[in-house]
Every structure is written in structure tokens, then in C-alpha cells.
Amino acid sequence: MELRERIIKEAFELFIKYGIRSVTMDQVSGQLGISKRTLYETFKDKGELLREGLDHFANIKRAEALEIAEESDNVILAIYILTRSAEEMKQKINPLFFEDIKKYYRDVHNMLTADGRYRDHTLTIQLLRKGVRDGLFKKGLNIELVNGFFHQVMNIVIDEEVFPEDRYTDEDIFRSIIMPYLVGISTQKGQEQIRKYFEKEVKS
């Protein structure tokens with residue numbers, strides 16, 4: 001692994017573990033066993049390191065998601081695995097990470113919340129279309145409309161101000177919001193697959 005990539009990887013891990021503001025460039029260089037001068041010769045400041053880290057992380061997660069979608073037996077299973085993967089990742093991220101981005105890196109926050117660079121809806125559109133072809137989702141759906149609505153719902157449910165973690169668990173949100181939506185757009189065949197893979201979540 002090249003030095004630049006190693007710096008990006010390990011610095012980003014520190015950011016998501018402790019928050020961005022609490023991690024200094026001195027700590028980053030110490031963690032990597034390199035001089036602070038070498039660090040600054042590679043990255044001009046912590047903001048650049050954060051942006052590079054987000055790009056690196058997004059590319060990895062995008063590749064993982066595509067692999068899951070391609071290797072899963074069906075669309076519902078792919079959605080289940082992707083959902084679980086997202087929940088597990090969320091547990092690893094310190095809430096301070098997103099709070100710091102919102103407070104101190106507004107340009108990064110705007111990119112994270114806007115469609116495009118980090119919010120690529122291509123994969124979910126592909127999954128929805130495949131689900132229709134395979135008879136799991138209902139025919140006649142406006143796929144782009146369904147996809148857009150789904151992502152808007154996800155924007156809301158991950159908003160700590162709307163659904164604070166101390167009041168609602170991931171399972172509460174999934175069982176009460178995401179599951180009814182998936183069931184609503186699914187055929188009987190799709191609903192059977194949902195019950196199979198999401199049995200724990202649909203139990204009251």
C-alpha cells in the first residue's frame with residue numbers, strides 16, 4: 001500500500017472513531033509513524049485529508065454494494081444484506097463525525113446530502129428494475145419515482161434531529177417505516193422473500 005493511501009485509510013479510521021475535530025494532524029502522523037512534515041507534504045490540511053478519505057471510503061462501499069447485488073440470489077436478499085451492512089457500519093461511526101462535518105465542513109456536508117458524488121442512486125434503480133423483471137416488485141411502478149422517494153425517506157430516517165438514537169432504534173425505524181414500504185411495492189412472491197429474510201424485523 002502506498003504511503004498516500006495508507007495515510008488516507010488510517011486517518012479516516014481515526015475520524016470515524018473519535019470525530020474529526022478531536023483528531024489532530026500530530027495524532028495522525030504519530031499513528032502512522034511518519035513525521036508531521038511528511039504528512040503536510042502529502043496533504044495540505046485536515047480538510048483535504050477528510051475529503052480524500054470520504055472519496056476512498058465511498059469507492060470501497062460502492063464496489064462492495066455492487067458485488068453484493070451481483071452475487072445475491074435475488075433482489076430481496078441483496079437489499080437485506082445491504083441494509084445489515086449499513087447498520088453495522090453506522091454502529092462503527094462516532095456521531096461526532098457527522099456533527100463535525102455539519103459544523104465545520106459545510107462544503108463536505110452539502111456534498112454528502114446532495115445527489116451525485118456520494119449519493120449515487122444507480123444501484124438501487126438497478127435493483128428495483130431487476131426486482132420487477134423477477135416478479136418480486138409490482139409491474140407498472142414508476143421506478144425513478146419509487147427510487148427517489150425511497151432515498152428521501154432514508155434521508156429523513158438517518159436525521160438525528162428527526163429520529164434521535166436515544167428514542168428510536170434501527171429496528172424500530174426499519175420495522176415501522178422501511179418494511180411497510182418494501183411490502184407495499186412487492187408482489188406476493190416478493191413479500192414471501194421479505195418474510196424469509198426479514199423475519200426478525202417483522203416480528204412485533
# chains A, B, ... in the order shown; residues from 1 in each chain; ligands from 1
>>> closest_atom_pairs(of="region 62-108 of chain A", to="region 18-21 of chain A", cutoff="12 Å", atoms="only C-alpha atoms", output="CSV")
residue,atom,partner,partner_atom,distance
A:Lys92,CA,A:Tyr18,CA,10.3
A:Ile93,CA,A:Tyr18,CA,8.4
A:Asn94,CA,A:Tyr18,CA,6.1
A:Pro95,CA,A:Gly19,CA,7.4
A:Leu96,CA,A:Gly19,CA,4.8
A:Phe97,CA,A:Gly19,CA,4.1
A:Phe98,CA,A:Gly19,CA,7.8
A:Glu99,CA,A:Gly19,CA,8.2
A:Asp100,CA,A:Ile20,CA,6.2
A:Ile101,CA,A:Ile20,CA,7.7
A:Lys102,CA,A:Ile20,CA,11.0
A:Lys103,CA,A:Arg21,CA,10.1
A:Tyr104,CA,A:Arg21,CA,8.5
A:Tyr105,CA,A:Ile20,CA,10.0
>>> write_last_selection(atoms="N, CA and C atoms", output="compact mmCIF listing (two decimals), in the first residue's frame")
# COMPACT_ATOMS: atom_id res chain seq x y z
N LYS A 92 -20.27 1.70 13.86
CA LYS A 92 -18.83 1.95 13.99
C LYS A 92 -18.49 3.44 13.93
N ILE A 93 -19.43 4.25 13.51
CA ILE A 93 -19.15 5.67 13.31
C ILE A 93 -19.59 6.48 14.53
N ASN A 94 -18.66 7.22 15.09
CA ASN A 94 -18.95 8.11 16.21
C ASN A 94 -19.88 9.23 15.71
N PRO A 95 -20.99 9.50 16.41
CA PRO A 95 -21.89 10.58 15.98
C PRO A 95 -21.18 11.92 15.82
N LEU A 96 -20.07 12.11 16.54
CA LEU A 96 -19.31 13.35 16.40
C LEU A 96 -18.78 13.55 14.99
N PHE A 97 -18.57 12.45 14.29
CA PHE A 97 -18.04 12.53 12.92
C PHE A 97 -18.96 13.37 12.05
N PHE A 98 -20.25 13.06 12.06
CA PHE A 98 -21.20 13.80 11.24
C PHE A 98 -21.50 15.18 11.82
N GLU A 99 -21.48 15.29 13.14
CA GLU A 99 -21.69 16.59 13.76
C GLU A 99 -20.57 17.56 13.37
N ASP A 100 -19.34 17.06 13.37
CA ASP A 100 -18.21 17.90 12.99
C ASP A 100 -18.29 18.33 11.53
N ILE A 101 -18.71 17.40 10.66
CA ILE A 101 -18.85 17.76 9.25
C ILE A 101 -19.90 18.85 9.09
N LYS A 102 -21.01 18.69 9.79
CA LYS A 102 -22.11 19.66 9.69
C LYS A 102 -21.69 21.04 10.20
N LYS A 103 -20.89 21.07 11.25
CA LYS A 103 -20.50 22.34 11.87
C LYS A 103 -19.31 23.00 11.20
N TYR A 104 -18.31 22.20 10.83
CA TYR A 104 -17.03 22.78 10.43
C TYR A 104 -16.65 22.56 8.96
N TYR A 105 -17.39 21.68 8.27
CA TYR A 105 -17.07 21.41 6.87
C TYR A 105 -18.35 21.46 6.05
>>> closest_residue(among="A:Met89, A:Ile125, A:Leu145, A:Ile156", to="Thr113 (chain A)", atoms="only C-alpha atoms")
A:Ile156
>>> closest_residue(among="A:Met179, A:Met111, A:Ala65, A:Ile7", to="Glu199 (chain A)", atoms="only C-alpha atoms")
A:Met179
>>> closest_residue(among="A:Ile16, A:Val28, A:Ile68, A:Leu39", to="Leu3 (chain A)", atoms="only C-alpha atoms")
A:Leu39
>>> select_by_dssp(residues="chain A", states="alpha helix (DSSP H)", output="VMD selection string")
chain A and resid 3 to 18 25 to 32 36 to 42 46 to 71 75 to 92 95 to 104 106 to 113 122 to 133 143 to 157 170 to 173 179 to 185 188 to 197 199 to 202
>>> atom_distance(atom1="CA of Ser22 (chain A)", atom2="CA of Arg4 (chain A)")
21.7 Å
>>> closest_residue(among="A:Lys90, A:Arg6, A:Lys46, A:Ile143", to="Ile34 (chain A)", atoms="only C-alpha atoms")
A:Arg6
>>> atom_distance(atom1="CA of Leu82 (chain A)", atom2="CA of Leu49 (chain A)")
27.1 Å
>>> residues_around(residues="region 50-59 of chain A", least_positions_apart="5", cutoff="8 Å", atoms="only C-alpha atoms", output="PyMOL selection string")
chain A and resi 8-9+11-12+108+118
>>> write_last_selection(atoms="C-alpha atoms", output="short mmCIF file (atom, residue, chain, number, x, y, z; two decimals), in the first residue's frame")
data_model
loop_
_atom_site.label_atom_id
_atom_site.label_comp_id
_atom_site.auth_asym_id
_atom_site.auth_seq_id
_atom_site.Cartn_x
_atom_site.Cartn_y
_atom_site.Cartn_z
CA ILE A 8 -5.99 8.28 3.91
CA LYS A 9 -7.12 4.91 5.27
CA ALA A 11 -6.67 8.93 9.20
CA PHE A 12 -10.25 8.25 8.10
CA VAL A 108 -18.48 18.47 2.57
CA TYR A 118 -21.63 10.45 -2.63
#
>>> closest_residue(among="A:Leu141, A:Val132, A:Ile185, A:Ala114", to="Asn155 (chain A)", atoms="only C-alpha atoms")
A:Ala114
>>> decode(residues="region 17-37 of chain A", atoms="N, CA and C atoms", output="PDB file, in the first residue's frame")
ATOM      1  N   LYS A  17     -13.859   7.100  14.263  1.00  0.00           N
ATOM      2  CA  LYS A  17     -13.821   6.539  15.615  1.00  0.00           C
ATOM      3  C   LYS A  17     -13.935   7.609  16.692  1.00  0.00           C
ATOM      4  N   TYR A  18     -13.263   8.751  16.472  1.00  0.00           N
ATOM      5  CA  TYR A  18     -13.203   9.773  17.511  1.00  0.00           C
ATOM      6  C   TYR A  18     -13.867  11.096  17.136  1.00  0.00           C
ATOM      7  N   GLY A  19     -14.283  11.253  15.883  1.00  0.00           N
ATOM      8  CA  GLY A  19     -14.733  12.557  15.423  1.00  0.00           C
ATOM      9  C   GLY A  19     -13.571  13.254  14.740  1.00  0.00           C
ATOM     10  N   ILE A  20     -13.879  14.247  13.933  1.00  0.00           N
ATOM     11  CA  ILE A  20     -12.836  14.898  13.140  1.00  0.00           C
ATOM     12  C   ILE A  20     -12.077  15.937  13.947  1.00  0.00           C
ATOM     13  N   ARG A  21     -12.819  16.776  14.654  1.00  0.00           N
ATOM     14  CA  ARG A  21     -12.187  17.893  15.362  1.00  0.00           C
ATOM     15  C   ARG A  21     -11.225  17.423  16.451  1.00  0.00           C
ATOM     16  N   SER A  22     -11.540  16.291  17.079  1.00  0.00           N
ATOM     17  CA  SER A  22     -10.707  15.815  18.192  1.00  0.00           C
ATOM     18  C   SER A  22      -9.425  15.141  17.722  1.00  0.00           C
ATOM     19  N   VAL A  23      -9.332  14.828  16.426  1.00  0.00           N
ATOM     20  CA  VAL A  23      -8.130  14.193  15.880  1.00  0.00           C
ATOM     21  C   VAL A  23      -7.221  15.267  15.285  1.00  0.00           C
ATOM     22  N   THR A  24      -5.998  15.351  15.777  1.00  0.00           N
ATOM     23  CA  THR A  24      -5.049  16.339  15.271  1.00  0.00           C
ATOM     24  C   THR A  24      -4.134  15.715  14.218  1.00  0.00           C
ATOM     25  N   MET A  25      -3.493  16.572  13.459  1.00  0.00           N
ATOM     26  CA  MET A  25      -2.532  16.081  12.465  1.00  0.00           C
ATOM     27  C   MET A  25      -1.342  15.426  13.167  1.00  0.00           C
ATOM     28  N   ASP A  26      -1.014  15.886  14.360  1.00  0.00           N
ATOM     29  CA  ASP A  26       0.044  15.249  15.145  1.00  0.00           C
ATOM     30  C   ASP A  26      -0.327  13.798  15.462  1.00  0.00           C
ATOM     31  N   GLN A  27      -1.600  13.586  15.832  1.00  0.00           N
ATOM     32  CA  GLN A  27      -2.051  12.231  16.136  1.00  0.00           C
ATOM     33  C   GLN A  27      -2.027  11.350  14.897  1.00  0.00           C
ATOM     34  N   VAL A  28      -2.399  11.921  13.775  1.00  0.00           N
ATOM     35  CA  VAL A  28      -2.385  11.167  12.516  1.00  0.00           C
ATOM     36  C   VAL A  28      -0.962  10.728  12.179  1.00  0.00           C
ATOM     37  N   SER A  29      -0.017  11.667  12.245  1.00  0.00           N
ATOM     38  CA  SER A  29       1.374  11.333  11.929  1.00  0.00           C
ATOM     39  C   SER A  29       1.932  10.323  12.924  1.00  0.00           C
ATOM     40  N   GLY A  30       1.553  10.472  14.218  1.00  0.00           N
ATOM     41  CA  GLY A  30       2.015   9.521  15.231  1.00  0.00           C
ATOM     42  C   GLY A  30       1.463   8.130  15.005  1.00  0.00           C
ATOM     43  N   GLN A  31       0.190   8.062  14.629  1.00  0.00           N
ATOM     44  CA  GLN A  31      -0.452   6.774  14.356  1.00  0.00           C
ATOM     45  C   GLN A  31       0.241   6.049  13.204  1.00  0.00           C
ATOM     46  N   LEU A  32       0.670   6.821  12.214  1.00  0.00           N
ATOM     47  CA  LEU A  32       1.291   6.254  11.026  1.00  0.00           C
ATOM     48  C   LEU A  32       2.790   6.051  11.178  1.00  0.00           C
ATOM     49  N   GLY A  33       3.374   6.655  12.208  1.00  0.00           N
ATOM     50  CA  GLY A  33       4.814   6.540  12.392  1.00  0.00           C
ATOM     51  C   GLY A  33       5.600   7.333  11.368  1.00  0.00           C
ATOM     52  N   ILE A  34       5.029   8.469  10.940  1.00  0.00           N
ATOM     53  CA  ILE A  34       5.722   9.332   9.988  1.00  0.00           C
ATOM     54  C   ILE A  34       5.855  10.719  10.599  1.00  0.00           C
ATOM     55  N   SER A  35       6.695  11.533  10.017  1.00  0.00           N
ATOM     56  CA  SER A  35       6.879  12.887  10.533  1.00  0.00           C
ATOM     57  C   SER A  35       5.697  13.769  10.126  1.00  0.00           C
ATOM     58  N   LYS A  36       5.470  14.802  10.928  1.00  0.00           N
ATOM     59  CA  LYS A  36       4.408  15.748  10.606  1.00  0.00           C
ATOM     60  C   LYS A  36       4.722  16.455   9.288  1.00  0.00           C
ATOM     61  N   ARG A  37       6.000  16.673   9.029  1.00  0.00           N
ATOM     62  CA  ARG A  37       6.406  17.310   7.776  1.00  0.00           C
ATOM     63  C   ARG A  37       5.998  16.460   6.577  1.00  0.00           C
TER      64      ARG A  37
END
